[in-house]
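What follows is a short report on a single structure.
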Amino acid sequence: MSNSYMNGGIPADDQHSTPTDPLELVNSRSLVQNPTSDVLGTDSLNLLLTTEQAAAMSKSILDIFELEEPPKEVEAMGDDDEEEDVDLEDQQRRTERLKGVLSLLAQLWWADSDQIDLVAEKLADGSRDPKWRIPLGDSGVLNFFLEIFSGHILRHTLKIHVLRLIGNSCADTDENRERVVASNYLSSVVLQLQDATLIAFVIPVLYNICIDYEPAQKQASESFLTRELIDLISSPGFNDSRAFLGYACKLLDLMVAQASDKEHAPESTAIVLLRIAADRELPVDMDDFIAVVNTALAFLQHEKFQKALVAQGALDGALAVLVDSYTRFDSHPSIPTIGSASPSDQDDAKALSQMRSNFNQVLSDVSALPEFQEAYPVTSPFSSSLRRWLSSPQLQLKVCACIMLGNLARSDATCEEFVHVSQVHKLLINILVDAIDSQLLHAAIGFLKNLALPVKNKEVLGDAGLFEVLPRLWAMDILQPIQFSAISLARQLTIGNFNNVRRVCKRLSEDQDSPSYNRTKLSLLIALFERTDVEPVKMEIARLVTSICRVFNTGAGRSADEAETKRIQKVFFTRHPDVGRPLSFMVSQTKWPVVRSEGWFVFALMARTEEGSQCISDMLQDVVVFRPLVEMLTGKALVDYTPSSSSPSSAMSPHSTSPAGSSPPIPAINYEAQTPESPQPHAQAAEMARLDRENATVMISELLKNRGGQMAVMRRTLLEDLLRGGTELVMSYREAMPNWRAPNTGPSAPDKRHRAGLNLQEVTEQSFREFS
C-alpha cells in the first residue's frame with residue numbers, strides 16, 4: 001500500500017490531483033468505471049488488503065477522533081443558556097483531518113474489508129457530537145456514505161451504521177440536510193422502511209432530516225413517505241417497533257402539510273391510524289393515542305380522506321375512538337393544585353380535551369358531505385348511536401351528536417322523521433334545560449332550528465315545552481351568540497303558527513297579584529331589546545315581533561271569526577304597549593335592507609286593523625321613523641320636503657279621508673301589500689326600493705282609512721300628500737317596466753328554504769352571519 005494512501009496526499013505517479021468531490025470516488029459499481037482509479041492510478045488500489053493493512057487503515061481513520069479538545073475557559077459570569085459560539089478554526093481543522101481519510105475510505109470500500117463497518121460505526125458515534133457534523137459534510141465523508149448507501153447493496157451491519165451517520169450528521173444541521181436533498185438521496189432512505197429490521201434506525205433518520213427543513217419534507221412527500229409509513233404501521237411486522245409510533249406520527253404530520261401529499265397519500269391513511277388507536281389487542285398508551293388520533297384528524301381536514309371514511313364504512317370506528325378517549329383514559333382529569341396532580345397530568349388533560357374538540361370539528365365536516373346523508377339515514381344504526389349520545393354525561397359526545405344529526409336534518413322529510421318518529425327534539429330540549437357550555441348550546445339550538453323549519457314540526461316543538469326553556473337562554477347576556485340563536489329559534493317557531501304565537505304572548509303568571517301577570521315572554525324580549533346594544537340581537541327581536549304581527553293580521557295557522565280576531569289583536573297590543581320600539585328600529589336602520597323591507601311589509605298589514613293603525617300612528621310621531629318614510633316616498637330629505645297641498649286647512653268631509661278643495665286627487669291604484677321575500681338577497685337596490693315604496697303607500701292608505709277621521713287636519717294632509725307622491729312613483733315605475741310582475745310569481749319567486757349547516761369552528765360567528 002502506498003504512502004500516499006496512508007497520508008491522504010498526492011498519488012506517487014503525481015499524474016492527477018486528489019478530487020475534492022468524494023462522489024467522484026464512488027459513482028459506479030465497477031472498478032473499471034470508478035473515477036478513483038483515475039485519481040490514484042491503476043496500480044494504486046489494492047483489492048487484496050491483508051487483515052493487518054485494513055486494520056492499519058482503520059486505525060488511522062479512528063485516530064482523528066483523538067483530536068485534542070482545547071481547554072474551555074471558565075468565565076466568572078455568563079449565561080448558561082447561550083448557544084456556544086462556533087469555533088471556525090477548530091471546525092476547519094476537523095474538516096481537513098476528515099478530508100485526509102477519503103482515500104482510505106475508498107480503499108476499504110473497494111477492497112470489501114470488514115474494517116469499513118468499524119470505521120462507519122466510529123464516524124456515526126462521532127457525528128453525535130455537533131462539532132463533527134459540519135466537518136463531516138464539508139469534508140465529503142457524508143456524501144461518500146450517502147453515495148454507497150443509495151447505489152449499492154450493503155451488509156446489514158454497515159447499513160445500520162451508515163444510517164446512524166446520516167441521521168446524526170443531519171440533526172439540527174441544515175447544511176447536511178441540503179446535501180441529502182440536493183442529490184435526491186432521501187428516496188433511498190425512505191425505501192429502507194420496507195426492511196422491518198431497520199425500522200428503529202430509519203424512522204429517527206428520516207425525522208432528523210425532515211424536521212424543521214421544508215425542502216426535505218417536500219422531497220419526502222414526493223418520495224411517497226406517507227404511503228411507506230402507512231404500509232409499515234399497518235403491517236404485523238411493526239408490532240415489535242411500536243416504540244417508534246410517535247415518531248412515525250410526527251413524520252406524517254409533516255407530510256400532510258405538503259400540498260403534494262393530498263395526492264400521494266393513500267385515501268385510507270386516516271382509517272389506518274384510527275384503527276391503531278382503537279386496537280384493543282395491542283393498545284397504545286395515552287401519548288401515542290393522542291398522537292395517532294391527532295395525525296388522523298390532520299388528514300381528515302381534507303375532503304379526499306373524509307369521503308373515504310364514509311365510503312369505507314369507517315365512521316363507526318371513528319366514533320368508537322372518540323368514546324375510547326373517555327373509557328380508556330380519565331375523562332375528567334383533575335386540575336392540579338399545590339400538593340395534588342402534577343403539571344404533566346394537567347397537560348394530558350388539556351391534550352385530550354383539545355383532541356376531542358378537533359375530533360368533533362372533523363366529524364361535523366364529514367357529516368356535511370352529501371355522501372354522509374346518503375349513507376346514514378335517520379333510522380340507521382349509526383344515527384341511533386348518535387341519538388344515544390345526546391343523553392351521554394360526556395360533553396363532547398353530546399356536541400358531536402348534535403352537530404352530526406343536525407347536518408342530517410337538511411330536508412323537510414328528514415326533519416319530520418326526526419321529530420315525529422325518533423322524537424329527538426325531546427332530548428335536545430332536555431339539553432337546553434341546564435346546559436351552560438357554549439359549544440353544546442350552539443349545537444343543540446342549531447339542530448332545533450333545522451327541525452323547526454317544516455310546518456308540521458312547529459307546533460310539536462311548542463307542545464314539547466321548548467318555549468319554557470328559551471327565556472333562560474335569552475337572559476345569557478355574556479353569551480350573545482347563544483342569546484341570538486335562541487331568539488332566532490323562537491322566531492322560526494312562530495312563523496305561520498298561531499299556537500306558538502300564543503305561547504310567546506301568554507302571561508308569565510295567572511296570579512293577578514304577581515308582577516308577572518301583565519308580562520309575557522315577548523315582554524322579556526322587548527326588555528332585552530331596550531337594554532342590549534348588540535345590533536343583531538335587537539334586529540332578531542324586531543323580526544320576531546314582525547312574525548307575530550303577521551300571524552295576528554293574516555289569520556295564519558288559525559280559524560277564528562272576525563270578532564275573535566279583533567279581540568286577540570286588542571289583547572296583544574294591550575299587553576305589549578311598547579311593541580313599536582323594535583318595529584321602529586327595524587324600518588329606520590340601513591344596515592340590512594332586506595330586513596327593513598320586511599318591516600314595511602308588516603306595517604302595511606298592521607295598518608289594516610284599528611289597533612295596528614294606532615300603533616303605527618304613534619310610531620310615525622318619531623322622526624327616526626318618519627324621516628325614512630318621507631325620503632322613500634318623495635326622494636327628498638325631510639328638511640327639504642314641502643307638502644304640495646296648497647291648503648292644509650281645506651274643508652273636509654267628516655266621513656272622508658281625502659282633502660277637498662284645491663288638493664290634487666290621489667291617482668287610482670290597486671294597493672296590495674307585497675311580501676319582502678319577493679326579491680332574492682342579491683336583488684338590486686331599485687327593486688328593493690320599489691317594494692318598500694309600494695308597502696309604504698299601502699300602509700298610509702290603510703292608516704288614513706282607519707285613523708284619518710281622528711287625525712289633526714295638518715297631519716292628515718301631510719300623510720295624504722305623501723300617499724299621493726308615493727302613488728305617482730309607483731305608477732311611474734309600472735309604466736316604465738312593461739314586464740312588471742306581481743309579487744311571488746315568476747322565476748325569482750322563493751321556492752326553497754335554506755338550512756344552515758352546523759360547524760363547531762364557527763361557534764362564535766355563525767349566529768351573526770345572517771346580518772354580516
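Order determines the names: the first chain of the C-alpha cells is A, the second B, and so forth; residues in each chain are numbered 1 upward, and ligands are numbered 1 upward as they are shown.
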
Would you return as number ranges by chain the members of range 368-551 of chain A that DSSP assigns to alpha helix (DSSP H) on this structure's backbone? A: 370-375, 381-389, 395-408, 412-417, 424-434, 438-451, 455-463, 466-474, 480-494, 498-505, 521-531, 535-551

I need the residues from that last selection saved to file as a compact mmCIF listing (two decimals), in the first residue's frame (with C-alpha atoms), if you can.
# COMPACT_ATOMS: atom_id res chain seq x y z
CA PRO A 370 -73.73 14.66 0.63
CA GLU A 371 -72.22 11.16 0.81
CA PHE A 372 -72.82 11.10 4.57
CA GLN A 373 -76.51 11.92 4.23
CA GLU A 374 -76.93 9.17 1.64
CA ALA A 375 -75.07 6.56 3.67
CA PRO A 381 -77.82 2.12 13.45
CA PHE A 382 -75.20 4.84 13.17
CA SER A 383 -77.79 7.57 13.70
CA SER A 384 -79.26 5.60 16.59
CA SER A 385 -75.83 5.55 18.26
CA LEU A 386 -75.61 9.30 17.89
CA ARG A 387 -79.07 9.77 19.43
CA ARG A 388 -77.94 7.81 22.47
CA TRP A 389 -75.02 10.21 22.80
CA LEU A 395 -69.89 16.92 26.88
CA GLN A 396 -68.05 16.35 23.61
CA LEU A 397 -70.15 13.30 22.76
CA LYS A 398 -73.29 15.42 23.09
CA VAL A 399 -71.77 18.15 20.95
CA CYS A 400 -70.77 15.63 18.30
CA ALA A 401 -74.24 14.08 18.21
CA CYS A 402 -75.96 17.45 17.89
CA ILE A 403 -73.75 18.53 15.02
CA MET A 404 -73.78 15.29 13.02
CA LEU A 405 -77.51 14.69 13.42
CA GLY A 406 -78.18 18.36 12.79
CA ASN A 407 -76.37 18.12 9.50
CA LEU A 408 -78.62 15.20 8.56
CA ASP A 412 -88.45 18.61 5.46
CA ALA A 413 -88.93 14.84 5.25
CA THR A 414 -85.82 14.14 7.34
CA CYS A 415 -86.73 16.78 9.94
CA GLU A 416 -90.27 15.43 10.24
CA GLU A 417 -88.90 11.93 10.72
CA VAL A 424 -85.11 13.58 19.04
CA HIS A 425 -86.41 17.05 19.92
CA LYS A 426 -87.23 15.91 23.45
CA LEU A 427 -83.59 15.02 24.09
CA LEU A 428 -82.48 18.38 22.71
CA ILE A 429 -84.91 20.28 24.92
CA ASN A 430 -83.56 18.39 27.94
CA ILE A 431 -80.07 19.60 27.00
CA LEU A 432 -81.24 23.21 26.91
CA VAL A 433 -82.73 22.99 30.39
CA ASP A 434 -79.44 23.28 32.25
CA SER A 438 -71.44 27.44 24.67
CA GLN A 439 -70.44 24.74 22.16
CA LEU A 440 -73.17 22.39 23.33
CA LEU A 441 -75.80 25.12 23.44
CA HIS A 442 -74.90 26.36 19.99
CA ALA A 443 -75.01 22.85 18.50
CA ALA A 444 -78.32 21.93 20.16
CA ILE A 445 -80.02 25.19 19.16
CA GLY A 446 -78.70 24.87 15.62
CA PHE A 447 -80.19 21.37 15.37
CA LEU A 448 -83.54 22.60 16.72
CA LYS A 449 -83.59 25.49 14.24
CA ASN A 450 -83.33 22.99 11.40
CA LEU A 451 -86.08 20.88 12.94
CA VAL A 455 -94.70 23.45 9.21
CA LYS A 456 -95.61 20.05 10.68
CA ASN A 457 -92.89 20.32 13.32
CA LYS A 458 -93.54 23.79 14.71
CA GLU A 459 -96.47 23.01 16.95
CA VAL A 460 -94.99 19.69 18.11
CA LEU A 461 -91.87 21.52 19.28
CA GLY A 462 -94.01 24.08 21.08
CA ASP A 463 -96.12 21.37 22.73
CA LEU A 466 -89.44 24.32 24.10
CA PHE A 467 -90.74 27.83 24.84
CA GLU A 468 -90.41 27.15 28.58
CA VAL A 469 -86.62 26.72 28.36
CA LEU A 470 -85.85 29.58 25.96
CA PRO A 471 -86.13 32.52 28.44
CA ARG A 472 -83.08 31.19 30.33
CA LEU A 473 -81.08 31.41 27.12
CA TRP A 474 -82.43 34.86 26.25
CA GLN A 480 -74.51 36.82 22.89
CA PRO A 481 -74.28 34.28 20.02
CA ILE A 482 -76.32 31.85 22.14
CA GLN A 483 -78.76 34.61 23.03
CA PHE A 484 -79.17 35.49 19.38
CA SER A 485 -79.66 31.88 18.26
CA ALA A 486 -82.28 31.25 20.94
CA ILE A 487 -84.26 34.31 19.80
CA SER A 488 -83.92 33.19 16.20
CA LEU A 489 -85.27 29.75 17.15
CA ALA A 490 -88.31 31.35 18.79
CA ARG A 491 -88.93 33.43 15.68
CA GLN A 492 -88.73 30.35 13.47
CA LEU A 493 -91.31 28.58 15.62
CA THR A 494 -93.79 31.47 15.36
CA PHE A 498 -100.85 30.75 15.84
CA ASN A 499 -100.50 28.45 18.86
CA ASN A 500 -96.80 29.17 19.18
CA VAL A 501 -97.53 32.88 18.91
CA ARG A 502 -99.97 32.47 21.78
CA ARG A 503 -97.25 30.76 23.79
CA VAL A 504 -94.93 33.74 23.31
CA CYS A 505 -97.68 36.19 24.22
CA LYS A 521 -92.23 36.03 27.07
CA LEU A 522 -92.42 38.72 24.41
CA SER A 523 -92.22 41.30 27.20
CA LEU A 524 -88.92 39.73 28.25
CA LEU A 525 -87.61 40.10 24.72
CA ILE A 526 -88.73 43.71 24.41
CA ALA A 527 -86.96 44.43 27.72
CA LEU A 528 -83.84 42.75 26.28
CA PHE A 529 -84.21 44.94 23.20
CA GLU A 530 -84.08 48.02 25.43
CA ARG A 531 -81.01 47.00 27.42
CA GLU A 535 -77.49 45.16 16.80
CA PRO A 536 -78.07 41.59 15.56
CA VAL A 537 -79.86 40.74 18.82
CA LYS A 538 -82.02 43.86 18.57
CA MET A 539 -82.82 43.07 14.96
CA GLU A 540 -83.78 39.45 15.65
CA ILE A 541 -86.18 40.60 18.37
CA ALA A 542 -87.72 43.03 15.87
CA ARG A 543 -88.07 40.24 13.33
CA LEU A 544 -89.77 38.06 15.95
CA VAL A 545 -92.27 40.87 16.56
CA THR A 546 -93.00 41.14 12.84
CA SER A 547 -93.52 37.37 12.66
CA ILE A 548 -96.09 37.63 15.46
CA CYS A 549 -97.79 40.58 13.79
CA ARG A 550 -98.02 38.67 10.53
CA VAL A 551 -99.84 35.80 12.22

Under the rule of at most 10 Å, produce a per-residue listing of range 133-213 of chain A near range 104-117 of chain A: chain, number, name, the closest pair of atoms, and the distance in Å, as JSON lines, using only C-alpha atoms.
{"residue": "A:Val141", "atom": "CA", "partner": "A:Leu105", "partner_atom": "CA", "distance": 8.6}
{"residue": "A:Phe144", "atom": "CA", "partner": "A:Leu105", "partner_atom": "CA", "distance": 8.4}
{"residue": "A:Phe145", "atom": "CA", "partner": "A:Leu105", "partner_atom": "CA", "distance": 9.4}
{"residue": "A:Ile148", "atom": "CA", "partner": "A:Trp109", "partner_atom": "CA", "distance": 8.9}
{"residue": "A:Arg155", "atom": "CA", "partner": "A:Asp117", "partner_atom": "CA", "distance": 8.8}
{"residue": "A:His156", "atom": "CA", "partner": "A:Asp117", "partner_atom": "CA", "distance": 9.8}
{"residue": "A:Thr157", "atom": "CA", "partner": "A:Asp117", "partner_atom": "CA", "distance": 6.9}
{"residue": "A:Leu158", "atom": "CA", "partner": "A:Asp117", "partner_atom": "CA", "distance": 5.0}
{"residue": "A:Lys159", "atom": "CA", "partner": "A:Asp117", "partner_atom": "CA", "distance": 8.7}
{"residue": "A:Ile160", "atom": "CA", "partner": "A:Asp117", "partner_atom": "CA", "distance": 9.3}
{"residue": "A:His161", "atom": "CA", "partner": "A:Asp117", "partner_atom": "CA", "distance": 7.3}
{"residue": "A:Val162", "atom": "CA", "partner": "A:Asp117", "partner_atom": "CA", "distance": 8.7}

Can you tell me which residues surround Ser221 in chain A at a distance of at most 8 Å, considering only C-alpha atoms, apart from same-chain residues fewer than 3 positions away, and format the answer as a short mmCIF file (atom, residue, chain, number, x, y, z; two decimals) with N, CA, C and O atoms, in the first residue's frame?
data_model
loop_
_atom_site.label_atom_id
_atom_site.label_comp_id
_atom_site.auth_asym_id
_atom_site.auth_seq_id
_atom_site.Cartn_x
_atom_site.Cartn_y
_atom_site.Cartn_z
N GLN A 217 -38.90 17.90 3.62
CA GLN A 217 -40.29 17.45 3.77
C GLN A 217 -40.96 17.31 2.41
O GLN A 217 -41.68 16.34 2.15
N LYS A 218 -40.72 18.26 1.54
CA LYS A 218 -41.32 18.20 0.21
C LYS A 218 -40.81 16.99 -0.57
O LYS A 218 -41.59 16.26 -1.20
N PHE A 224 -43.15 9.46 -1.61
CA PHE A 224 -44.22 8.60 -1.09
C PHE A 224 -43.93 8.11 0.33
O PHE A 224 -44.21 6.96 0.67
N LEU A 225 -43.40 9.00 1.16
CA LEU A 225 -43.12 8.62 2.54
C LEU A 225 -44.41 8.24 3.28
O LEU A 225 -44.42 7.29 4.07
N THR A 226 -45.50 8.99 3.06
CA THR A 226 -46.75 8.66 3.75
C THR A 226 -47.20 7.25 3.42
O THR A 226 -47.59 6.48 4.31
N MET A 255 -45.80 15.47 6.63
CA MET A 255 -46.19 15.15 5.25
C MET A 255 -47.54 15.75 4.89
O MET A 255 -47.73 16.26 3.79
N GLN A 258 -47.77 19.11 3.35
CA GLN A 258 -47.30 19.33 1.99
C GLN A 258 -48.44 19.22 0.98
O GLN A 258 -49.27 18.31 1.07
N SER A 260 -48.46 18.28 -2.02
CA SER A 260 -48.41 17.07 -2.84
C SER A 260 -48.93 15.85 -2.13
O SER A 260 -49.31 14.86 -2.77
N ASP A 261 -48.98 15.90 -0.80
CA ASP A 261 -49.33 14.68 -0.06
C ASP A 261 -50.81 14.34 -0.16
O ASP A 261 -51.18 13.19 0.04
N HIS A 264 -50.57 12.02 -3.04
CA HIS A 264 -49.73 10.83 -2.90
C HIS A 264 -50.18 9.91 -1.78
O HIS A 264 -49.97 8.69 -1.87
#

Which residues are near Val310 in chain A? Cut-off 9 Å, only C-alpha atoms, ignore same chain within fewer than 2 positions. Put them as number ranges by chain. A: 305-308, 312-315, 366, 371-372, 375

Just write the chosen residues, N, CA and C atoms, as a PDB file, in the first residue's frame.
ATOM      1  N   PHE A 305     -59.975  12.308   2.225  1.00  0.00           N
ATOM      2  CA  PHE A 305     -59.938  11.337   3.316  1.00  0.00           C
ATOM      3  C   PHE A 305     -61.285  11.285   4.051  1.00  0.00           C
ATOM      4  N   GLN A 306     -62.023  12.405   4.065  1.00  0.00           N
ATOM      5  CA  GLN A 306     -63.365  12.409   4.657  1.00  0.00           C
ATOM      6  C   GLN A 306     -64.290  11.474   3.878  1.00  0.00           C
ATOM      7  N   LYS A 307     -64.256  11.590   2.555  1.00  0.00           N
ATOM      8  CA  LYS A 307     -65.114  10.749   1.728  1.00  0.00           C
ATOM      9  C   LYS A 307     -64.747   9.270   1.871  1.00  0.00           C
ATOM     10  N   ALA A 308     -63.450   8.996   2.004  1.00  0.00           N
ATOM     11  CA  ALA A 308     -63.024   7.603   2.195  1.00  0.00           C
ATOM     12  C   ALA A 308     -63.555   7.050   3.509  1.00  0.00           C
ATOM     13  N   GLN A 312     -65.818   3.778   2.998  1.00  0.00           N
ATOM     14  CA  GLN A 312     -65.296   2.513   3.501  1.00  0.00           C
ATOM     15  C   GLN A 312     -65.945   2.074   4.807  1.00  0.00           C
ATOM     16  N   GLY A 313     -67.036   2.765   5.185  1.00  0.00           N
ATOM     17  CA  GLY A 313     -67.776   2.369   6.382  1.00  0.00           C
ATOM     18  C   GLY A 313     -66.990   2.465   7.664  1.00  0.00           C
ATOM     19  N   ALA A 314     -66.103   3.439   7.738  1.00  0.00           N
ATOM     20  CA  ALA A 314     -65.209   3.540   8.899  1.00  0.00           C
ATOM     21  C   ALA A 314     -65.685   4.551   9.935  1.00  0.00           C
ATOM     22  N   LEU A 315     -66.869   5.141   9.730  1.00  0.00           N
ATOM     23  CA  LEU A 315     -67.331   6.146  10.689  1.00  0.00           C
ATOM     24  C   LEU A 315     -67.659   5.537  12.050  1.00  0.00           C
ATOM     25  N   VAL A 366     -67.422  16.030   8.095  1.00  0.00           N
ATOM     26  CA  VAL A 366     -67.793  14.788   7.413  1.00  0.00           C
ATOM     27  C   VAL A 366     -69.309  14.695   7.277  1.00  0.00           C
ATOM     28  N   GLU A 371     -72.409  12.611   0.682  1.00  0.00           N
ATOM     29  CA  GLU A 371     -72.215  11.163   0.813  1.00  0.00           C
ATOM     30  C   GLU A 371     -72.642  10.666   2.198  1.00  0.00           C
ATOM     31  N   PHE A 372     -72.436  11.493   3.211  1.00  0.00           N
ATOM     32  CA  PHE A 372     -72.822  11.103   4.573  1.00  0.00           C
ATOM     33  C   PHE A 372     -74.341  10.970   4.673  1.00  0.00           C
ATOM     34  N   ALA A 375     -75.504   7.816   3.049  1.00  0.00           N
ATOM     35  CA  ALA A 375     -75.067   6.560   3.668  1.00  0.00           C
ATOM     36  C   ALA A 375     -75.715   6.311   5.024  1.00  0.00           C
TER      37      ALA A 375
END

Extract, using only C-alpha atoms, all DNA, RNA and protein residues at most 7 Å from range 279-296 of chain A, discarding same-chain residues fewer than 4 positions from it, and format them as a PyMOL selection string. chain A and resi 245-246+249+252-253+270+273-275+300+352+355

Dump C-alpha atoms for the selected residues as an mmCIF file, in the first residue's frame?
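What landed in selection.cif:
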data_model
loop_
_atom_site.group_PDB
_atom_site.id
_atom_site.type_symbol
_atom_site.label_atom_id
_atom_site.label_comp_id
_atom_site.auth_asym_id
_atom_site.auth_seq_id
_atom_site.Cartn_x
_atom_site.Cartn_y
_atom_site.Cartn_z
ATOM 1 C CA LEU A 245 -45.129 5.047 16.531
ATOM 2 C CA GLY A 246 -44.888 8.564 17.939
ATOM 3 C CA CYS A 249 -46.900 10.233 13.518
ATOM 4 C CA LEU A 252 -46.911 12.033 8.922
ATOM 5 C CA ASP A 253 -47.812 15.402 10.432
ATOM 6 C CA ALA A 270 -56.750 8.265 8.382
ATOM 7 C CA LEU A 273 -54.429 5.486 12.045
ATOM 8 C CA LEU A 274 -57.837 5.349 13.742
ATOM 9 C CA ARG A 275 -57.740 1.552 13.715
ATOM 10 C CA LEU A 300 -59.294 14.301 7.748
ATOM 11 C CA LEU A 352 -57.208 15.070 25.481
ATOM 12 C CA MET A 355 -58.117 16.295 20.672
#
